[in-house]
file structure-v1.cif (mmCIF, N, CA and C atoms)
data_run
#
loop_
_atom_site.label_atom_id
_atom_site.label_comp_id
_atom_site.auth_asym_id
_atom_site.auth_seq_id
_atom_site.Cartn_x
_atom_site.Cartn_y
_atom_site.Cartn_z
N LYS A 1 5.67 60.06 -32.47
CA LYS A 1 5.70 61.35 -33.13
C LYS A 1 6.09 62.45 -32.16
N GLY A 2 5.69 62.35 -30.93
CA GLY A 2 6.01 63.37 -29.94
C GLY A 2 7.49 63.40 -29.59
N ILE A 3 8.14 62.23 -29.60
CA ILE A 3 9.57 62.16 -29.26
C ILE A 3 10.39 62.86 -30.33
N VAL A 4 10.04 62.65 -31.58
CA VAL A 4 10.77 63.28 -32.69
C VAL A 4 10.60 64.79 -32.64
N GLN A 5 9.40 65.24 -32.37
CA GLN A 5 9.17 66.68 -32.29
C GLN A 5 9.92 67.28 -31.11
N GLU A 6 9.99 66.55 -30.01
CA GLU A 6 10.73 67.04 -28.84
C GLU A 6 12.21 67.15 -29.15
N LEU A 7 12.77 66.15 -29.88
CA LEU A 7 14.19 66.22 -30.26
C LEU A 7 14.44 67.36 -31.25
N GLU A 8 13.48 67.63 -32.10
CA GLU A 8 13.64 68.73 -33.04
C GLU A 8 13.61 70.07 -32.33
N ARG A 9 12.93 70.16 -31.20
CA ARG A 9 12.85 71.41 -30.47
C ARG A 9 14.06 71.66 -29.58
N VAL A 10 14.90 70.67 -29.38
CA VAL A 10 16.10 70.85 -28.53
C VAL A 10 17.03 71.88 -29.17
N PHE A 11 17.13 71.86 -30.49
CA PHE A 11 18.02 72.78 -31.21
C PHE A 11 17.19 73.76 -32.02
N ASP A 12 17.51 75.05 -31.91
CA ASP A 12 16.78 76.09 -32.64
C ASP A 12 17.53 76.36 -33.95
N PRO A 13 16.96 76.02 -35.10
CA PRO A 13 17.68 76.21 -36.36
C PRO A 13 17.81 77.67 -36.79
N VAL A 14 16.98 78.54 -36.27
CA VAL A 14 17.05 79.95 -36.66
C VAL A 14 18.22 80.62 -35.97
N THR A 15 18.34 80.44 -34.65
CA THR A 15 19.44 81.08 -33.91
C THR A 15 20.69 80.21 -33.86
N GLN A 16 20.58 78.97 -34.34
CA GLN A 16 21.70 78.01 -34.33
C GLN A 16 22.23 77.78 -32.92
N ASN A 17 21.33 77.72 -31.95
CA ASN A 17 21.69 77.46 -30.56
C ASN A 17 20.77 76.38 -30.00
N PHE A 18 21.25 75.75 -28.93
CA PHE A 18 20.39 74.82 -28.20
C PHE A 18 19.46 75.64 -27.33
N ARG A 19 18.27 75.13 -27.12
CA ARG A 19 17.31 75.86 -26.29
C ARG A 19 17.69 75.79 -24.80
N ASP A 20 18.36 74.71 -24.40
CA ASP A 20 18.83 74.58 -23.02
C ASP A 20 20.18 75.28 -22.91
N PRO A 21 20.31 76.32 -22.03
CA PRO A 21 21.57 77.08 -21.94
C PRO A 21 22.76 76.22 -21.47
N SER A 22 22.53 75.27 -20.58
CA SER A 22 23.65 74.45 -20.11
C SER A 22 24.17 73.53 -21.23
N LEU A 23 23.25 72.97 -22.02
CA LEU A 23 23.64 72.14 -23.15
C LEU A 23 24.37 72.97 -24.20
N ASP A 24 23.90 74.20 -24.40
CA ASP A 24 24.54 75.08 -25.37
C ASP A 24 25.95 75.46 -24.90
N ALA A 25 26.12 75.76 -23.62
CA ALA A 25 27.44 76.11 -23.08
C ALA A 25 28.40 74.93 -23.17
N ARG A 26 27.90 73.72 -22.88
CA ARG A 26 28.73 72.53 -22.97
C ARG A 26 29.18 72.27 -24.41
N GLN A 27 28.26 72.45 -25.34
CA GLN A 27 28.59 72.24 -26.76
C GLN A 27 29.59 73.29 -27.24
N ARG A 28 29.41 74.54 -26.82
CA ARG A 28 30.35 75.60 -27.22
C ARG A 28 31.75 75.34 -26.68
N SER A 29 31.86 74.90 -25.42
CA SER A 29 33.19 74.62 -24.86
C SER A 29 33.83 73.42 -25.57
N PHE A 30 33.02 72.41 -25.90
CA PHE A 30 33.55 71.26 -26.64
C PHE A 30 34.08 71.69 -28.01
N GLU A 31 33.30 72.50 -28.72
CA GLU A 31 33.72 72.95 -30.05
C GLU A 31 34.98 73.82 -29.98
N GLU A 32 35.07 74.66 -28.94
CA GLU A 32 36.26 75.49 -28.79
C GLU A 32 37.49 74.65 -28.48
N ARG A 33 37.32 73.64 -27.62
CA ARG A 33 38.43 72.74 -27.30
C ARG A 33 38.90 71.99 -28.55
N GLU A 34 37.96 71.46 -29.32
CA GLU A 34 38.31 70.72 -30.54
C GLU A 34 38.96 71.63 -31.58
N ARG A 35 38.45 72.86 -31.70
CA ARG A 35 39.05 73.81 -32.64
C ARG A 35 40.48 74.13 -32.25
N THR A 36 40.73 74.32 -30.96
CA THR A 36 42.09 74.61 -30.50
C THR A 36 43.01 73.43 -30.77
N LEU A 37 42.55 72.21 -30.49
CA LEU A 37 43.37 71.03 -30.77
C LEU A 37 43.68 70.91 -32.26
N HIS A 38 42.68 71.15 -33.09
CA HIS A 38 42.88 71.05 -34.54
C HIS A 38 43.87 72.11 -35.03
N LEU A 39 43.74 73.33 -34.55
CA LEU A 39 44.65 74.39 -34.97
C LEU A 39 46.07 74.13 -34.47
N ASN A 40 46.21 73.58 -33.27
CA ASN A 40 47.55 73.25 -32.76
C ASN A 40 48.19 72.16 -33.59
N ARG A 41 47.41 71.13 -33.97
CA ARG A 41 47.94 70.07 -34.83
C ARG A 41 48.34 70.63 -36.19
N ALA A 42 47.54 71.53 -36.72
CA ALA A 42 47.86 72.12 -38.02
C ALA A 42 49.12 72.96 -37.94
N ARG A 43 49.30 73.68 -36.84
CA ARG A 43 50.51 74.50 -36.67
C ARG A 43 51.74 73.61 -36.51
N ASP A 44 51.62 72.51 -35.76
CA ASP A 44 52.73 71.57 -35.63
C ASP A 44 53.12 70.99 -36.97
N THR A 45 52.12 70.63 -37.77
CA THR A 45 52.40 70.09 -39.10
C THR A 45 53.07 71.14 -39.98
N GLN A 46 52.62 72.37 -39.89
CA GLN A 46 53.23 73.44 -40.68
C GLN A 46 54.68 73.65 -40.28
N ILE A 47 54.98 73.61 -38.97
CA ILE A 47 56.35 73.79 -38.51
C ILE A 47 57.22 72.65 -38.99
N LEU A 48 56.68 71.42 -38.96
CA LEU A 48 57.47 70.27 -39.42
C LEU A 48 57.74 70.33 -40.91
N ARG A 49 56.79 70.78 -41.69
CA ARG A 49 56.93 70.72 -43.15
C ARG A 49 57.57 71.95 -43.76
N SER A 50 57.56 73.06 -43.08
CA SER A 50 58.11 74.27 -43.67
C SER A 50 59.44 74.62 -42.99
N GLN A 51 60.03 75.70 -43.43
CA GLN A 51 61.28 76.15 -42.85
C GLN A 51 61.04 76.66 -41.43
N PRO A 52 62.01 76.48 -40.52
CA PRO A 52 61.81 76.94 -39.15
C PRO A 52 62.03 78.44 -38.99
N PHE A 53 62.23 79.13 -40.09
CA PHE A 53 62.43 80.57 -40.02
C PHE A 53 61.62 81.25 -41.13
N ASN A 54 61.39 82.52 -40.95
CA ASN A 54 60.68 83.31 -41.95
C ASN A 54 61.63 83.59 -43.10
N ILE A 55 61.24 83.24 -44.32
CA ILE A 55 62.18 83.39 -45.43
C ILE A 55 62.32 84.84 -45.89
N VAL A 56 61.44 85.73 -45.45
CA VAL A 56 61.53 87.12 -45.85
C VAL A 56 62.46 87.90 -44.93
N ASN A 57 62.23 87.81 -43.62
CA ASN A 57 63.03 88.60 -42.69
C ASN A 57 63.97 87.75 -41.82
N HIS A 58 64.03 86.45 -42.05
CA HIS A 58 64.95 85.51 -41.38
C HIS A 58 64.77 85.45 -39.87
N THR A 59 63.59 85.73 -39.36
CA THR A 59 63.33 85.56 -37.94
C THR A 59 62.88 84.12 -37.70
N SER A 60 63.20 83.61 -36.52
CA SER A 60 62.89 82.22 -36.21
C SER A 60 61.42 82.08 -35.81
N HIS A 61 60.79 81.03 -36.31
CA HIS A 61 59.44 80.72 -35.89
C HIS A 61 59.43 80.04 -34.53
N LEU A 62 60.56 79.45 -34.15
CA LEU A 62 60.63 78.63 -32.94
C LEU A 62 61.46 79.25 -31.83
N GLU A 63 61.82 80.50 -31.95
CA GLU A 63 62.68 81.13 -30.94
C GLU A 63 62.01 81.15 -29.57
N ALA A 64 60.70 81.33 -29.54
CA ALA A 64 60.00 81.35 -28.24
C ALA A 64 59.97 79.96 -27.61
N LEU A 65 59.95 78.92 -28.43
CA LEU A 65 59.91 77.55 -27.89
C LEU A 65 61.27 77.07 -27.43
N ALA A 66 62.32 77.39 -28.18
CA ALA A 66 63.67 76.94 -27.85
C ALA A 66 64.64 78.10 -28.09
N PRO A 67 64.80 78.99 -27.10
CA PRO A 67 65.66 80.15 -27.31
C PRO A 67 67.13 79.74 -27.44
N ASN A 68 67.82 80.37 -28.39
CA ASN A 68 69.25 80.19 -28.65
C ASN A 68 69.62 78.76 -29.02
N LEU A 69 68.69 78.00 -29.58
CA LEU A 69 68.99 76.65 -30.05
C LEU A 69 68.63 76.55 -31.52
N ASP A 70 69.36 75.70 -32.23
CA ASP A 70 69.05 75.48 -33.63
C ASP A 70 67.82 74.59 -33.71
N PRO A 71 66.71 75.06 -34.27
CA PRO A 71 65.49 74.25 -34.28
C PRO A 71 65.62 72.99 -35.12
N MET A 72 66.55 72.97 -36.07
CA MET A 72 66.71 71.78 -36.89
C MET A 72 67.48 70.68 -36.17
N ARG A 73 68.10 71.02 -35.03
CA ARG A 73 68.88 70.03 -34.29
C ARG A 73 68.23 69.64 -32.96
N LEU A 74 66.98 70.03 -32.77
CA LEU A 74 66.28 69.67 -31.54
C LEU A 74 65.83 68.23 -31.61
N GLY A 75 65.86 67.56 -30.48
CA GLY A 75 65.35 66.20 -30.42
C GLY A 75 63.90 66.20 -30.02
N ASN A 76 63.20 65.14 -30.37
CA ASN A 76 61.79 65.02 -30.01
C ASN A 76 61.68 63.92 -28.96
N THR A 77 61.22 64.27 -27.78
CA THR A 77 61.12 63.28 -26.71
C THR A 77 59.68 62.86 -26.43
N THR A 78 58.72 63.58 -27.00
CA THR A 78 57.33 63.25 -26.68
C THR A 78 56.71 62.27 -27.66
N CYS A 79 56.89 62.48 -28.95
CA CYS A 79 56.26 61.62 -29.96
C CYS A 79 57.35 60.96 -30.79
N LYS A 80 57.37 59.66 -30.80
CA LYS A 80 58.42 58.95 -31.53
C LYS A 80 58.13 58.81 -33.02
N ASP A 81 56.92 59.16 -33.46
CA ASP A 81 56.59 58.99 -34.87
C ASP A 81 56.75 60.28 -35.66
N ARG A 82 57.41 61.26 -35.10
CA ARG A 82 57.56 62.53 -35.79
C ARG A 82 59.02 62.79 -36.11
N LEU A 83 59.26 63.84 -36.89
CA LEU A 83 60.62 64.21 -37.23
C LEU A 83 61.36 64.69 -35.99
N GLY A 84 62.68 64.67 -36.04
CA GLY A 84 63.47 65.14 -34.91
C GLY A 84 63.43 64.17 -33.77
N GLU A 85 63.36 62.87 -34.08
CA GLU A 85 63.25 61.86 -33.03
C GLU A 85 64.48 61.88 -32.13
N THR A 86 65.64 62.04 -32.72
CA THR A 86 66.88 62.16 -31.95
C THR A 86 67.58 63.43 -32.40
N LYS A 87 68.51 63.89 -31.58
CA LYS A 87 69.23 65.09 -31.94
C LYS A 87 70.11 64.82 -33.15
N ARG A 88 70.15 65.77 -34.06
CA ARG A 88 70.99 65.62 -35.24
C ARG A 88 72.44 65.85 -34.88
N GLN A 89 73.30 65.14 -35.52
CA GLN A 89 74.73 65.30 -35.30
C GLN A 89 75.25 66.39 -36.24
N LYS A 90 76.40 66.96 -35.89
CA LYS A 90 76.98 67.98 -36.76
C LYS A 90 77.51 67.35 -38.03
N GLU A 91 77.98 66.09 -37.93
CA GLU A 91 78.46 65.41 -39.13
C GLU A 91 77.26 64.71 -39.76
N GLY A 92 77.10 64.90 -41.03
CA GLY A 92 75.99 64.27 -41.73
C GLY A 92 76.35 62.89 -42.21
N LYS A 93 75.49 62.32 -43.00
CA LYS A 93 75.76 61.02 -43.59
C LYS A 93 76.85 61.18 -44.65
N PRO A 94 77.59 60.11 -44.91
CA PRO A 94 78.57 60.22 -46.01
C PRO A 94 77.83 60.35 -47.33
N PRO A 95 78.47 61.00 -48.29
CA PRO A 95 77.76 61.18 -49.57
C PRO A 95 77.55 59.83 -50.26
N PRO A 96 76.53 59.72 -51.05
CA PRO A 96 76.31 58.46 -51.76
C PRO A 96 77.42 58.24 -52.78
N PRO A 97 77.68 57.02 -53.14
CA PRO A 97 78.74 56.78 -54.12
C PRO A 97 78.37 57.38 -55.47
N SER A 98 79.39 57.77 -56.20
CA SER A 98 79.13 58.38 -57.50
C SER A 98 78.67 57.34 -58.52
N THR A 99 79.00 56.08 -58.26
CA THR A 99 78.56 55.01 -59.14
C THR A 99 78.30 53.77 -58.30
N TYR A 100 77.43 52.91 -58.77
CA TYR A 100 77.13 51.69 -58.03
C TYR A 100 77.82 50.48 -58.63
N THR A 101 78.73 50.72 -59.55
CA THR A 101 79.52 49.62 -60.09
C THR A 101 80.88 49.60 -59.40
N ASP A 102 81.51 48.44 -59.34
CA ASP A 102 82.82 48.31 -58.70
C ASP A 102 83.96 48.40 -59.70
N TYR A 103 83.66 48.89 -60.88
CA TYR A 103 84.70 48.97 -61.90
C TYR A 103 84.48 50.25 -62.71
N ASN A 104 85.52 50.63 -63.42
CA ASN A 104 85.44 51.78 -64.29
C ASN A 104 84.68 51.37 -65.54
N ILE A 105 83.58 52.05 -65.84
CA ILE A 105 82.73 51.60 -66.93
C ILE A 105 83.33 51.91 -68.29
N VAL A 106 84.34 52.78 -68.36
CA VAL A 106 84.97 53.08 -69.64
C VAL A 106 86.04 52.04 -69.96
N SER A 107 86.93 51.78 -68.98
CA SER A 107 88.04 50.85 -69.23
C SER A 107 87.71 49.41 -68.85
N ASN A 108 86.62 49.21 -68.11
CA ASN A 108 86.21 47.89 -67.63
C ASN A 108 87.24 47.27 -66.68
N LEU A 109 88.03 48.12 -66.02
CA LEU A 109 89.00 47.66 -65.03
C LEU A 109 88.46 47.97 -63.64
N PRO A 110 88.81 47.16 -62.65
CA PRO A 110 88.32 47.45 -61.30
C PRO A 110 88.92 48.75 -60.76
N PHE A 111 88.25 49.32 -59.76
CA PHE A 111 88.73 50.57 -59.17
C PHE A 111 90.08 50.41 -58.50
N ASP A 112 90.46 49.19 -58.13
CA ASP A 112 91.79 48.98 -57.55
C ASP A 112 92.87 49.34 -58.56
N ASP A 113 92.62 49.12 -59.84
CA ASP A 113 93.62 49.38 -60.87
C ASP A 113 93.43 50.73 -61.56
N HIS A 114 92.19 51.12 -61.81
CA HIS A 114 91.94 52.31 -62.61
C HIS A 114 90.94 53.20 -61.90
N HIS A 115 91.44 54.22 -61.20
CA HIS A 115 90.59 55.18 -60.51
C HIS A 115 91.34 56.50 -60.41
N TRP A 116 90.62 57.60 -60.30
CA TRP A 116 91.26 58.90 -60.30
C TRP A 116 91.91 59.26 -58.96
N GLN A 117 91.54 58.59 -57.86
CA GLN A 117 92.12 58.92 -56.56
C GLN A 117 93.46 58.21 -56.37
N LYS A 118 94.18 58.63 -55.31
CA LYS A 118 95.44 57.97 -54.99
C LYS A 118 95.16 56.51 -54.65
N PRO A 119 96.13 55.63 -54.83
CA PRO A 119 95.87 54.20 -54.58
C PRO A 119 95.39 53.89 -53.16
N ASP A 120 95.85 54.62 -52.15
CA ASP A 120 95.42 54.32 -50.79
C ASP A 120 94.04 54.92 -50.47
N GLU A 121 93.53 55.82 -51.32
CA GLU A 121 92.22 56.43 -51.09
C GLU A 121 91.14 55.90 -52.02
N ARG A 122 91.48 54.95 -52.86
CA ARG A 122 90.52 54.41 -53.81
C ARG A 122 89.47 53.58 -53.08
N PRO A 123 88.26 53.54 -53.60
CA PRO A 123 87.22 52.73 -52.94
C PRO A 123 87.57 51.25 -53.02
N TYR A 124 87.30 50.57 -51.93
CA TYR A 124 87.56 49.14 -51.89
C TYR A 124 86.42 48.42 -52.58
N CYS A 125 86.77 47.54 -53.50
CA CYS A 125 85.72 46.79 -54.19
C CYS A 125 85.91 45.31 -53.90
N GLN A 126 84.82 44.66 -53.68
CA GLN A 126 84.84 43.23 -53.38
C GLN A 126 84.66 42.44 -54.66
N GLU A 127 85.38 41.36 -54.73
CA GLU A 127 85.21 40.47 -55.86
C GLU A 127 83.91 39.70 -55.68
N LYS A 128 83.04 39.78 -56.64
CA LYS A 128 81.76 39.11 -56.53
C LYS A 128 81.83 37.79 -57.29
N GLN A 129 81.46 36.73 -56.62
CA GLN A 129 81.46 35.42 -57.25
C GLN A 129 80.10 35.20 -57.92
N PRO A 130 80.12 34.75 -59.18
CA PRO A 130 78.83 34.50 -59.83
C PRO A 130 78.12 33.32 -59.20
N GLN A 131 76.82 33.38 -59.17
CA GLN A 131 76.04 32.29 -58.62
C GLN A 131 75.71 31.30 -59.72
N LEU A 132 75.60 30.06 -59.34
CA LEU A 132 75.23 29.02 -60.28
C LEU A 132 73.76 29.19 -60.64
N ARG A 133 73.47 29.27 -61.93
CA ARG A 133 72.10 29.43 -62.38
C ARG A 133 71.47 28.06 -62.53
N LYS A 134 70.36 27.91 -61.93
CA LYS A 134 69.67 26.62 -61.97
C LYS A 134 68.50 26.72 -62.93
N VAL A 135 68.52 25.88 -63.97
CA VAL A 135 67.44 25.86 -64.95
C VAL A 135 66.56 24.65 -64.64
N PRO A 136 65.27 24.85 -64.48
CA PRO A 136 64.40 23.71 -64.19
C PRO A 136 64.39 22.74 -65.39
N PRO A 137 64.24 21.45 -65.10
CA PRO A 137 64.29 20.46 -66.18
C PRO A 137 63.22 20.65 -67.25
N PHE A 138 62.05 21.16 -66.87
CA PHE A 138 61.00 21.31 -67.88
C PHE A 138 61.30 22.44 -68.85
N MET A 139 62.28 23.29 -68.53
CA MET A 139 62.64 24.37 -69.43
C MET A 139 63.66 23.93 -70.48
N VAL A 140 64.31 22.78 -70.28
CA VAL A 140 65.30 22.29 -71.22
C VAL A 140 64.57 21.62 -72.38
N LYS A 141 64.77 22.15 -73.56
CA LYS A 141 64.09 21.61 -74.74
C LYS A 141 65.13 20.93 -75.64
N ASP A 142 64.77 19.80 -76.18
CA ASP A 142 65.64 19.13 -77.13
C ASP A 142 65.58 19.86 -78.45
N PHE A 143 66.72 19.92 -79.13
CA PHE A 143 66.78 20.60 -80.41
C PHE A 143 67.26 19.62 -81.46
N ASN A 144 66.54 19.54 -82.55
CA ASN A 144 66.89 18.68 -83.65
C ASN A 144 67.47 19.54 -84.74
N ILE A 145 68.76 19.30 -85.07
CA ILE A 145 69.40 20.16 -86.07
C ILE A 145 68.90 19.88 -87.48
N VAL A 146 68.30 18.73 -87.70
CA VAL A 146 67.79 18.39 -89.02
C VAL A 146 66.47 19.14 -89.28
N SER A 147 65.56 19.06 -88.34
CA SER A 147 64.27 19.71 -88.54
C SER A 147 64.27 21.18 -88.09
N ASN A 148 65.33 21.59 -87.44
CA ASN A 148 65.47 22.97 -86.93
C ASN A 148 64.40 23.29 -85.90
N ARG A 149 64.00 22.28 -85.15
CA ARG A 149 63.00 22.46 -84.09
C ARG A 149 63.50 21.91 -82.78
#
call {"tool": "encode", "arguments": {"input": "structure-v1.cif", "output": "structure tokens"}}
result
Amino acid sequence: KGIVQELERVFDPVTQNFRDPSLDARQRSFEERERTLHLNRARDTQILRSQPFNIVNHTSHLEALAPNLDPMRLGNTTCKDRLGETKRQKEGKPPPPSTYTDYNIVSNLPFDDHHWQKPDERPYCQEKQPQLRKVPPFMVKDFNIVSNR
């Protein structure tokens, strides 16, 4: 019973402080360090998820970190699991195809024959060979035309 009461007296619930000043100072510095780390992580997440500039007055949020550089083209060298892992190129990815079929869906002709672009600029389509469908033997049912079963 005495040990529990002694542990209860270590922390003063009225003043919300430890009774030992060194323990209280150590706890305060720990909490301040953790708060700073948490706020820095939150700010990093905000920068990654939001625009790198102020949308009202168009000032850069990252000008102090990387002066005269485009923040969207910066590479990330410290953490490999975050955005900006490598520097972005000026040329982007090619646009996705307008259709995923290799033929004109209206005329049913391949793009080699029927496409709106010039013949040398038309998309190349590969001839796809159908695969042999294998039906398991237990799926083959005999049919009797007399009994219709």
call {"tool": "atom_distance", "arguments": {"input": "structure-v1.cif", "atom1": "CA of Thr59 in chain A", "atom2": "CA of Ile47 in chain A"}}
result
13.7 Å
call {"tool": "residues_around", "arguments": {"input": "structure-v1.cif", "residues": "His114 in chain A", "least_positions_apart": "4", "cutoff": "7 Å", "atoms": "only N, CA and C atoms", "output": "PyMOL selection string"}}
result
chain A and resi 104+109-110
call {"tool": "write_last_selection", "arguments": {"input": "structure-v1.cif", "atoms": "N, CA and C atoms", "output": "compact mmCIF listing (two decimals), in the frame of the given file"}}
result
# COMPACT_ATOMS: atom_id res chain seq x y z
N ASN A 104 85.52 50.63 -63.42
CA ASN A 104 85.44 51.78 -64.29
C ASN A 104 84.68 51.37 -65.54
N LEU A 109 88.03 48.12 -66.02
CA LEU A 109 89.00 47.66 -65.03
C LEU A 109 88.46 47.97 -63.64
N PRO A 110 88.81 47.16 -62.65
CA PRO A 110 88.32 47.45 -61.30
C PRO A 110 88.92 48.75 -60.76
call {"tool": "select_by_dssp", "arguments": {"input": "structure-v1.cif", "residues": "chain A", "states": "strand (DSSP E or B)", "output": "PyMOL selection string"}}
result
chain A and resi 11-12+17-18+53+60+103+110
call {"tool": "select_by_dssp", "arguments": {"input": "structure-v1.cif", "residues": "chain A", "states": "alpha helix (DSSP H)", "output": "ChimeraX atom specification"}}
result
/A:2-10,21-49
call {"tool": "closest_residue", "arguments": {"input": "structure-v1.cif", "among": "A:Val10, A:Val56, A:Leu48, A:Leu62", "to": "Asp24 in chain A", "atoms": "only C-alpha atoms"}}
result
A:Val10
call {"tool": "atom_distance", "arguments": {"input": "structure-v1.cif", "atom1": "atom C of Thr99 in chain A", "atom2": "atom C of Lys134 in chain A"}}
result
29.1 Å
call {"tool": "residues_around", "arguments": {"input": "structure-v1.cif", "residues": "range 49-52 of chain A", "least_positions_apart": "5", "cutoff": "8 Å", "atoms": "only N, CA and C atoms", "output": "MDAnalysis selection string"}}
result
chainID A and resid 43:44 58:63 71:72
call {"tool": "axis_aligned_box", "arguments": {"input": "structure-v1.cif", "around": "range 23-42 of chain A", "padding_each_side": "8 Å", "output": "JSON"}}
result
{"center_x": 36.2, "center_y": 73.1, "center_z": -30.0, "size_x": 41.9, "size_y": 22.0, "size_z": 32.0}
call {"tool": "resolve_selection", "arguments": {"input": "structure-v1.cif", "expression": "the PyMOL selection byres ((chain A and resi 125) around 7)", "output": "NGL selection string"}}
result
:A and (102 or 111-112 or 122-124 or 126-128)
call {"tool": "atom_distance", "arguments": {"input": "structure-v1.cif", "atom1": "CA of Glu31 in chain A", "atom2": "atom C of Phe18 in chain A"}}
result
14.8 Å
